[in-house]
Amino acid sequence: MNHLQNKTAIITGASSGIGAATAQELARHGVNIVAVALDQEGLDKLVEGIKAEGGKAEGLLTDVTRLEDSQALVKYAADTYGSVDILINNAGLMLFSRWSDVVWEDWNKMVDVNIKGYLNTIAAVLPGMLEKNDGQILNMASVAGHQVDAGAGVYSATKFFVHAITESMRKDLGVNRGIRVNTISPGVINTGWADKVSDPEGRKVAQELTKIAISPQDVASAVVYALNQPKNVTVNDLIISPTQQNW
């Protein structure tokens with residue numbers, strides 16, 4: 001049974017990778033998509049592709065590190081489709097480095113996007129969900145939120161944060177307000193993230209990891225599975241990793 005038909009989903013970080021694959025797959029299940037990113041060209045391509053398949057989608061340039069942008073995003077989605085039923089927090093940065101490199105700028109970028117970005121979109125979407133005592137929030141986590149590598153301390157910390165807030169939200173919003181909250185923890189995914197690592201040694205490590213990466217489509221299928229459940233069922237944390245990855 002398709003429990004997703006005619007629902008509206010906001011997906012952050014949707015211009016490429018996991019976000020784009022998830023948007024496409026949800027649209028095929030009848031979900032109205034509001035795709036969010038900072039890449040207009042990527043958003044335009046995604047929206048055009050979804051509409052070409054008969055789906056409904058809109059793209060909106062949004063900086064999730066700004067609360068006012070997130071609030072404007074939720075208003076836009078509600079004005080366009082009538083409500084917001086699903087939030088998928090997917091925008092994120094994974095920047096490897098050794099502590100001895102003291103890459104302060106990279107640390108702050110990850111905190112801003114991976115932590116503040118999630119909190120901003122949650123804060124923006126919750127009032128509408130609380131009003132109807134219904135909704136779904138899926139926070140994209142990582143296997144790095146279960147096991148820490150020497151070169152990914154800050155990134156892992158941000159994903160431990162995602163697990164912590166999700167568990168708390170389940171116990172509060174899930175139990176008391178009917179809002180289901182999930183996490184997906186992907187392993188190594190080839191989304192081009194390795195090229196964004198500024199530290200040269202960290203970039204080498206990242207590029208080696210991508211050799212065993214799985215596809216964004218594999219994660220998108222897991223997202224659909226987690227969300228496409230009857231209202232009395234919550235899928236908690238799904239770990240999606242390559243068979244060669246030792247997590």
# chains A, B, ... in the order shown; residues from 1 in each chain; ligands from 1
$ residues_around --residues "Val143 (chain A)" --least-positions-apart "5" --cutoff "10 Å" --atoms "only C-alpha atoms" --output "list in words"
Val148, Ser156, Lys159, Phe160, Ile184, Ser185, Pro186, Gly187, Val188, Leu238, Ile239, Ile240, Ser241 and Trp247 of chain A
$ write_last_selection --atoms "N, CA, C and O atoms" --output "PDB file, in the first residue's frame"
ATOM      1  N   VAL A 148      33.513   6.346  15.149  1.00  0.00           N
ATOM      2  CA  VAL A 148      34.292   7.551  14.876  1.00  0.00           C
ATOM      3  C   VAL A 148      35.646   7.196  14.264  1.00  0.00           C
ATOM      4  O   VAL A 148      36.346   6.309  14.751  1.00  0.00           O
ATOM      5  N   SER A 156      31.692  13.339  12.637  1.00  0.00           N
ATOM      6  CA  SER A 156      31.040  12.323  13.456  1.00  0.00           C
ATOM      7  C   SER A 156      30.262  12.952  14.597  1.00  0.00           C
ATOM      8  O   SER A 156      29.150  12.519  14.919  1.00  0.00           O
ATOM      9  N   LYS A 159      26.946  14.062  13.510  1.00  0.00           N
ATOM     10  CA  LYS A 159      26.007  12.977  13.257  1.00  0.00           C
ATOM     11  C   LYS A 159      25.585  12.286  14.553  1.00  0.00           C
ATOM     12  O   LYS A 159      24.470  11.770  14.645  1.00  0.00           O
ATOM     13  N   PHE A 160      26.444  12.280  15.573  1.00  0.00           N
ATOM     14  CA  PHE A 160      25.998  11.851  16.901  1.00  0.00           C
ATOM     15  C   PHE A 160      24.911  12.811  17.395  1.00  0.00           C
ATOM     16  O   PHE A 160      23.941  12.399  18.034  1.00  0.00           O
ATOM     17  N   ILE A 184      18.129   7.784   8.842  1.00  0.00           N
ATOM     18  CA  ILE A 184      18.811   6.868   7.931  1.00  0.00           C
ATOM     19  C   ILE A 184      20.300   7.128   8.105  1.00  0.00           C
ATOM     20  O   ILE A 184      20.739   8.280   8.111  1.00  0.00           O
ATOM     21  N   SER A 185      21.084   6.067   8.272  1.00  0.00           N
ATOM     22  CA  SER A 185      22.537   6.218   8.443  1.00  0.00           C
ATOM     23  C   SER A 185      23.267   5.582   7.262  1.00  0.00           C
ATOM     24  O   SER A 185      23.572   4.386   7.284  1.00  0.00           O
ATOM     25  N   PRO A 186      23.533   6.351   6.222  1.00  0.00           N
ATOM     26  CA  PRO A 186      24.267   5.797   5.075  1.00  0.00           C
ATOM     27  C   PRO A 186      25.737   5.590   5.397  1.00  0.00           C
ATOM     28  O   PRO A 186      26.329   6.312   6.210  1.00  0.00           O
ATOM     29  N   GLY A 187      26.318   4.611   4.711  1.00  0.00           N
ATOM     30  CA  GLY A 187      27.764   4.457   4.733  1.00  0.00           C
ATOM     31  C   GLY A 187      28.366   5.358   3.677  1.00  0.00           C
ATOM     32  O   GLY A 187      27.867   6.451   3.428  1.00  0.00           O
ATOM     33  N   VAL A 188      29.412   4.900   3.031  1.00  0.00           N
ATOM     34  CA  VAL A 188      30.093   5.735   2.042  1.00  0.00           C
ATOM     35  C   VAL A 188      29.255   5.817   0.771  1.00  0.00           C
ATOM     36  O   VAL A 188      28.932   4.808   0.148  1.00  0.00           O
ATOM     37  N   LEU A 238      17.853   3.127  10.106  1.00  0.00           N
ATOM     38  CA  LEU A 238      18.313   2.169   9.112  1.00  0.00           C
ATOM     39  C   LEU A 238      19.759   2.484   8.765  1.00  0.00           C
ATOM     40  O   LEU A 238      20.084   3.618   8.408  1.00  0.00           O
ATOM     41  N   ILE A 239      20.632   1.495   8.866  1.00  0.00           N
ATOM     42  CA  ILE A 239      22.036   1.669   8.486  1.00  0.00           C
ATOM     43  C   ILE A 239      22.227   1.061   7.104  1.00  0.00           C
ATOM     44  O   ILE A 239      21.962  -0.126   6.884  1.00  0.00           O
ATOM     45  N   ILE A 240      22.677   1.886   6.140  1.00  0.00           N
ATOM     46  CA  ILE A 240      22.851   1.461   4.753  1.00  0.00           C
ATOM     47  C   ILE A 240      24.328   1.596   4.412  1.00  0.00           C
ATOM     48  O   ILE A 240      24.854   2.708   4.344  1.00  0.00           O
ATOM     49  N   SER A 241      25.021   0.482   4.217  1.00  0.00           N
ATOM     50  CA  SER A 241      26.463   0.571   3.982  1.00  0.00           C
ATOM     51  C   SER A 241      26.900  -0.450   2.941  1.00  0.00           C
ATOM     52  O   SER A 241      26.234  -1.461   2.718  1.00  0.00           O
ATOM     53  N   TRP A 247      31.643  -1.550   9.322  1.00  0.00           N
ATOM     54  CA  TRP A 247      31.005  -0.779  10.383  1.00  0.00           C
ATOM     55  C   TRP A 247      30.294  -1.737  11.320  1.00  0.00           C
ATOM     56  O   TRP A 247      29.583  -2.596  10.893  1.00  0.00           O
TER      57      TRP A 247
END
$ select_by_dssp --residues "chain A" --states "alpha helix (DSSP H)" --output "number ranges by chain"
A: 17-28, 40-52, 67-81, 104-110, 117-132, 153-169, 175-177, 200-209, 216-227
$ closest_residue --among "A:Gln71, A:Gln5, A:Thr80, A:Asn90" --to "Val34 (chain A)" --atoms "only C-alpha atoms"
A:Thr80
$ residues_around --residues "Ala20 (chain A)" --least-positions-apart "6" --cutoff "8 Å" --atoms "only C-alpha atoms" --output "JSON, numbers by chain"
{"A": [13, 14, 46]}
$ residues_around --residues "Val219 (chain A)" --least-positions-apart "3" --cutoff "9 Å" --atoms "only C-alpha atoms" --output "list of chain:residue names"
A:Ile18, A:Ala21, A:Thr22, A:Ile184, A:Ser185, A:Pro186, A:Ile189, A:Ile214, A:Ser215, A:Pro216, A:Ala222, A:Val223, A:Val224, A:Ile240
$ atom_distance --atom1 "CA of Val84 (chain A)" --atom2 "CA of Glu41 (chain A)"
24.3 Å
$ select_by_dssp --residues "region 82-176 of chain A" --states "strand (DSSP E)" --output "ChimeraX atom specification"
/A:86-89,135-140
$ atom_distance --atom1 "CA of Asp69 (chain A)" --atom2 "CA of Ala123 (chain A)"
11.6 Å
$ closest_residue --among "A:Asn236, A:Ser16, A:Ser83, A:Gln136" --to "Arg177 (chain A)" --atoms "only C-alpha atoms"
A:Gln136
$ atom_distance --atom1 "CA of Asn228 (chain A)" --atom2 "CA of Thr12 (chain A)"
18.9 Å
$ residues_around --residues "Thr234 (chain A)" --least-positions-apart "6" --cutoff "8 Å" --atoms "only C-alpha atoms" --output "PyMOL selection string"
chain A and resi 180-182+226
$ write_last_selection --atoms "N, CA, C and O atoms" --output "PDB file, in the first residue's frame"
ATOM      1  N   ARG A 180       5.994  11.313  13.583  1.00  0.00           N
ATOM      2  CA  ARG A 180       6.980  10.244  13.481  1.00  0.00           C
ATOM      3  C   ARG A 180       8.345  10.802  13.053  1.00  0.00           C
ATOM      4  O   ARG A 180       8.415  11.656  12.164  1.00  0.00           O
ATOM      5  N   VAL A 181       9.406  10.308  13.680  1.00  0.00           N
ATOM      6  CA  VAL A 181      10.754  10.809  13.413  1.00  0.00           C
ATOM      7  C   VAL A 181      11.677   9.623  13.159  1.00  0.00           C
ATOM      8  O   VAL A 181      11.705   8.670  13.939  1.00  0.00           O
ATOM      9  N   ASN A 182      12.431   9.698  12.055  1.00  0.00           N
ATOM     10  CA  ASN A 182      13.309   8.603  11.647  1.00  0.00           C
ATOM     11  C   ASN A 182      14.725   9.102  11.398  1.00  0.00           C
ATOM     12  O   ASN A 182      14.946  10.292  11.191  1.00  0.00           O
ATOM     13  N   ALA A 226      11.273   3.722   4.890  1.00  0.00           N
ATOM     14  CA  ALA A 226      11.081   4.258   6.240  1.00  0.00           C
ATOM     15  C   ALA A 226       9.833   5.126   6.331  1.00  0.00           C
ATOM     16  O   ALA A 226       9.106   5.093   7.340  1.00  0.00           O
TER      17      ALA A 226
END
$ residues_around --residues "Met129 (chain A)" --least-positions-apart "4" --cutoff "10 Å" --atoms "only C-alpha atoms" --output "MDAnalysis selection string"
chainID A and resid 83:86 124:125 133:137 173 177:179
